[in-house]
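In what follows, a structure is listed as structure tokens, so that the remarks can point back to it.
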Amino acid sequence: MSDHFMKKNHTGAAPMLCTATLLALPALAQQASPAAQPETLTITATRQAYQGDFKRLETPQAEQTIDAETLRASGAVDLNQALALSATVARQNNFGGLWNAFAIRGFVGDENLPSNYLVNGFNAGRGFGGPRDLSGIESVEVLKGPRAALFGRGEPGGTVNLVTKRPTFKTAGELRLSAGSFDTYRADADWTAPLSDSLAVRFVGYTEDAGSFRNTVETSKRGASPSIAWRISPQSNLVYELEYSQQKIPFDRGVLALNGQLGRIPESRFLGEPGDGPLKTDVQGHQLEFQHDFTKDWSALLGLTTRRTSLEGFSTEAELATNRQRLLVDGQTLTRQRRFRDYDADYQVLRAEINGRFKLGGLQHRVIFGLDSDRFENDQVFLRARAPTLASNPTLAQQQAINIFNPVYGSYTLPTPTPLTNRVETQQSTGLFLQDQINLSDRVQLRVGARYDNYKQTLNNRANGQALTQKEARVSPQLGLVFRADPSLSLYATYGENFRPLSGVDARGNGFTPNQSTAVEAGAKFSFGGIDGTVALFQVRQKNILVADDPSALTLAAIGQAKSRGIEIDLQGEIANGFSIWASYAYVDAKTTNIFNDANFGVPVPAGTPLLNVPKQSLSLQLVKSMTLAGRGLQLGGGLVHVGKRAGEFTTNFKLPAYTLARAFAAYEITKTTTLRLDVDNVFDETYYTNSFSTLWVQPGTPRSLRLSAAFKF
């Protein structure tokens with residue numbers, strides 16, 4: 001078809017490296033001295049990058065840590081399910097199920113790329129590795145508000161950081177097998193052990209094959225994340241982690257709302273072409289972290305990561321242009337277009353930081369300072385076969401048409417897409433950061449910080465041979481104040497700024513001014529009676545949003561503005577003996593603040609228009625009771641997720657309805673090493689829709705489903 005279809009294969013080295021790591025374990029184990037093995041020492045790389053050594057009540061920003069126990073109780077196996085526990089996070093257009101997309105405090109990043117998230121402080125959401133599985137993840141951190149003063153450029157509303165499972169010096173293992181509705185089968189393995197008194201390893205892997213409530217949609221995914229930790233000395237640790245995964249996922253834009261009305265076709269109806277086959281995604285990543293403690297007050301953390309991802313395959317999707325869409329004429333014939341994507345991304349980061357404390361002028365200072373350098377390459381080849389306009393009276397074959405009430409797949413020969421996009425974008429950045437938290441008194445702490453970023457963007461359009469380079473330098477400040485009212489209560493206020501580079505060029509071929517956001521936040525944190533809680537008020541303003549400056553040509557300009565404000569209440573802990581709670585509530589009012597033309601359809605958007613897929617009110621609640629039955633452990637629990645009504649299409653009054661989902665689970669230890677568990681999701685079988693981009697791209701939620709699993713410890 002085209003030499004664009006034959007791009008380089010990036011996946012071969014990962015299985016070889018993973019295999020080599022595992023084959024090396026027996027030889028290393030032979031060198032171990034069992035008598036010298038400590039029994040409880042754990043290597044975890046001790047400190048998360050960029051975050052320093054601060055207690056929860058000392059941090060002047062709202063944060064949520066969804067730990068392993070909470071994740072297990074919720075039954076979450078992927079990032080979307082985990083983030084449903086945080087009411088401040090809203091699902092966004094997920095690119096046909098091929099990536100994670102979310103808004104924090106109402107704001108999302110580039111809608112044409114996955115939402116960025118971090119893994120151990122390293123950027124990992126960039127690229128095209130498919131939706132993130134939680135295999136190998138110990139906890140999920142939702143770090144709210146701008147974080148550019150330390151992390152650098154990122155999402156405007158906050159940051160999600162995944163903390164990985166690391167080797168320990170205590171041998172432990174678990175095999176978990178599960179089977180569920182829609183022919184879903186999954187296996188997870190997790191094993192860690194010491195190889196000597198200074199060396200430990202861990203292997204985490206998973207495999208899943210699943211059908212779906214969506215007709216013809218089947219997925220498969222595999223992954224492994226082996227790691228090794230070396231305690232070089234009592235003061236120095238070195239940890240290496242590999243990430244490898246492959247996924248096969250049919251591209252699925254969901255259902256549609258006919259004349260703005262949902263439910264006219266079943267939620268199970270697939271409107272693509274099964275003959276396209278699945279899209280394939282691959283990930284190969286490496287992380288290396290070294291920590292050295294100079295003294296009890298000073299330490300250094302060095303890190304290096306490389307991550308390579310790819311996405312490739314065909315899709316058939318509903319046509320959004322009104323002058324080509326026959327459904328708008330006859331109410332039953334959906335015009336579609338066929339697409340081919342071959343996306344590759346490479347990402348490398350090198351970072352170094354120093355953490356320490358000292359006294360100056362009678363005041364204690366706790367500082368984090370360092371530098372980092374990263375390079376991100378985004379290589380995209382995109383081909384498309386599109387129907388002519390309705391005015392030219394195209395045939396059904398030219399429209400790749402399908403009857404939404406009586407779909408017949410494979411009615412036409414699948415057309416050959418032709419080139420549309422062929423470009424590579426390279427982003428390079430070097431940053432310097434400094435944060436100082438000063439104890440002004442026994443009760444008052446002041447946090448000041450700033451980061452300087454020197455950024456370079458290169459766009460190489462291989463289709464026309466044009467190239468563009470632009471440079472930016474940005475300073476991102478942060479200022480925070482903490483008042484310790486008593487040992488269990490602190491009040492705080494903070495101000496921060498954030499920026500995020502924008503991809504592409506304007507009508508004159510110039511790059512865009514970066515997206516800029518500023519935020520203020522005030523709140524209270526407390527720990528009373530086993531409950532940790534946070535109440536936060538916030539306001540975030542964003543400018544330089546990409547919009548259309550010429551609706552006829554759909555050329556873009558960075559001139560849009562929006563504002564988000566609201567309140568969050570987060571609680572977690574033990575409310576009674578063996579009775580734990582997780583509760584998260586958010587009220588978010590996110591709207592545009594100036595008049596502009598929408599970037600996708602070119603139609604006017606008035607000031608005060610609600611942002612897409614962002615509900616005003618959201619709630620997540622989980623209750624778990626732990627007890628004994630016949631001398632064995634028994635857990636009973638359940639939860640509720642409520643998502644309010646929200647905009648389903650940015651340019652019209654189409655709304656996605658509110659929904660409330662209930663889930664329940666029971667887990668029983670039938671032996672000391674074997675646990676059986678039953679999960680029931682969407683207990684009352686509610687019909688709901690998680691997100692949309694237009695009335696023709698609406699993602700339905702999963703009906704009631706059951707999952708039975710057995711966990712074997714060894």
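Residues in the structure tokens are numbered from 1 in each chain, the chains being A, B, ... in the order shown, and ligands are numbered from 1 in the order shown.
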Pick out the residues sitting within 10 Å of Ala76 of chain A, and hand them over as a VMD selection string; count only C-alpha atoms, and ignore anything fewer than 6 positions along from it in its own chain.
-> chain A and resid 70 82 to 85 133 to 134
What does the file look like for those residues with all heavy atoms, as a PDB file, in the first residue's frame?
```pdb
ATOM      1  N   THR A  70      -6.683   0.250  49.012  1.00  0.00           N
ATOM      2  CA  THR A  70      -7.863   0.905  48.452  1.00  0.00           C
ATOM      3  C   THR A  70      -8.103   0.466  47.017  1.00  0.00           C
ATOM      4  O   THR A  70      -9.242   0.227  46.594  1.00  0.00           O
ATOM      5  CB  THR A  70      -7.705   2.430  48.527  1.00  0.00           C
ATOM      6  OG1 THR A  70      -7.457   2.823  49.884  1.00  0.00           O
ATOM      7  CG2 THR A  70      -8.949   3.138  48.022  1.00  0.00           C
ATOM      8  N   ALA A  82      -9.060   3.289  38.592  1.00  0.00           N
ATOM      9  CA  ALA A  82      -8.442   3.883  39.776  1.00  0.00           C
ATOM     10  C   ALA A  82      -8.841   5.348  39.922  1.00  0.00           C
ATOM     11  O   ALA A  82      -9.186   5.816  41.019  1.00  0.00           O
ATOM     12  CB  ALA A  82      -6.926   3.750  39.699  1.00  0.00           C
ATOM     13  N   LEU A  83      -8.819   6.102  38.828  1.00  0.00           N
ATOM     14  CA  LEU A  83      -9.121   7.527  38.899  1.00  0.00           C
ATOM     15  C   LEU A  83     -10.595   7.790  39.166  1.00  0.00           C
ATOM     16  O   LEU A  83     -10.957   8.914  39.556  1.00  0.00           O
ATOM     17  CB  LEU A  83      -8.681   8.214  37.605  1.00  0.00           C
ATOM     18  CG  LEU A  83      -7.163   8.234  37.362  1.00  0.00           C
ATOM     19  CD1 LEU A  83      -6.840   8.921  36.049  1.00  0.00           C
ATOM     20  CD2 LEU A  83      -6.436   8.919  38.516  1.00  0.00           C
ATOM     21  N   ALA A  84     -11.458   6.785  38.981  1.00  0.00           N
ATOM     22  CA  ALA A  84     -12.861   6.947  39.343  1.00  0.00           C
ATOM     23  C   ALA A  84     -13.024   7.146  40.850  1.00  0.00           C
ATOM     24  O   ALA A  84     -14.070   7.635  41.302  1.00  0.00           O
ATOM     25  CB  ALA A  84     -13.675   5.737  38.887  1.00  0.00           C
ATOM     26  N   LEU A  85     -12.015   6.802  41.635  1.00  0.00           N
ATOM     27  CA  LEU A  85     -12.057   7.015  43.081  1.00  0.00           C
ATOM     28  C   LEU A  85     -11.846   8.477  43.454  1.00  0.00           C
ATOM     29  O   LEU A  85     -12.126   8.872  44.586  1.00  0.00           O
ATOM     30  CB  LEU A  85     -10.995   6.155  43.770  1.00  0.00           C
ATOM     31  CG  LEU A  85     -11.241   4.644  43.755  1.00  0.00           C
ATOM     32  CD1 LEU A  85      -9.977   3.890  44.115  1.00  0.00           C
ATOM     33  CD2 LEU A  85     -12.385   4.280  44.703  1.00  0.00           C
ATOM     34  N   ASP A 133      -2.459  -0.226  32.334  1.00  0.00           N
ATOM     35  CA  ASP A 133      -2.844  -1.278  33.264  1.00  0.00           C
ATOM     36  C   ASP A 133      -2.185  -0.990  34.613  1.00  0.00           C
ATOM     37  O   ASP A 133      -1.127  -0.370  34.684  1.00  0.00           O
ATOM     38  CB  ASP A 133      -2.392  -2.636  32.733  1.00  0.00           C
ATOM     39  CG  ASP A 133      -3.084  -3.789  33.434  1.00  0.00           C
ATOM     40  OD1 ASP A 133      -2.564  -4.235  34.471  1.00  0.00           O
ATOM     41  OD2 ASP A 133      -4.131  -4.228  32.950  1.00  0.00           O
ATOM     42  N   LEU A 134      -2.804  -1.479  35.703  1.00  0.00           N
ATOM     43  CA  LEU A 134      -2.255  -1.238  37.037  1.00  0.00           C
ATOM     44  C   LEU A 134      -1.357  -2.368  37.525  1.00  0.00           C
ATOM     45  O   LEU A 134      -0.888  -2.334  38.663  1.00  0.00           O
ATOM     46  CB  LEU A 134      -3.384  -1.017  38.046  1.00  0.00           C
ATOM     47  CG  LEU A 134      -4.168   0.284  37.898  1.00  0.00           C
ATOM     48  CD1 LEU A 134      -5.176   0.418  39.027  1.00  0.00           C
ATOM     49  CD2 LEU A 134      -3.252   1.496  37.865  1.00  0.00           C
TER      50      LEU A 134
END
```
Leaving out Asn422 of chain A and any residue of its chain fewer than 2 positions from it, which residues lie within 12 Å of it when counting only C-alpha atoms, given as a PyMOL selection string?
-> chain A and resi 3-5+340-344+378-384+418-420+424-425+459-466
Please run DSSP on the backbone and report, as a ChimeraX atom specification, all residues within segment 19-251 of chain A that come out as strand (DSSP E).
-> /A:63-66,89-91,102-104,118-119,122-123,137-144,158-164,172-180,184-194,199-210,219-224,227-233,236-249
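Among A:Glu208, A:Glu312, A:Asp372, A:Glu574, the residue with the shortest atom-to-atom distance to Asn123 of chain A, counting only C-alpha atoms, is A:Asp372.
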One-decimal distance in Å that lies between atom CA of Leu708 of chain A and atom CA of Arg677 of chain A = 5.8 Å
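A straight line drawn from atom CA of Gly410 of chain A to atom CA of Thr216 of chain A is 12.7 Å long.
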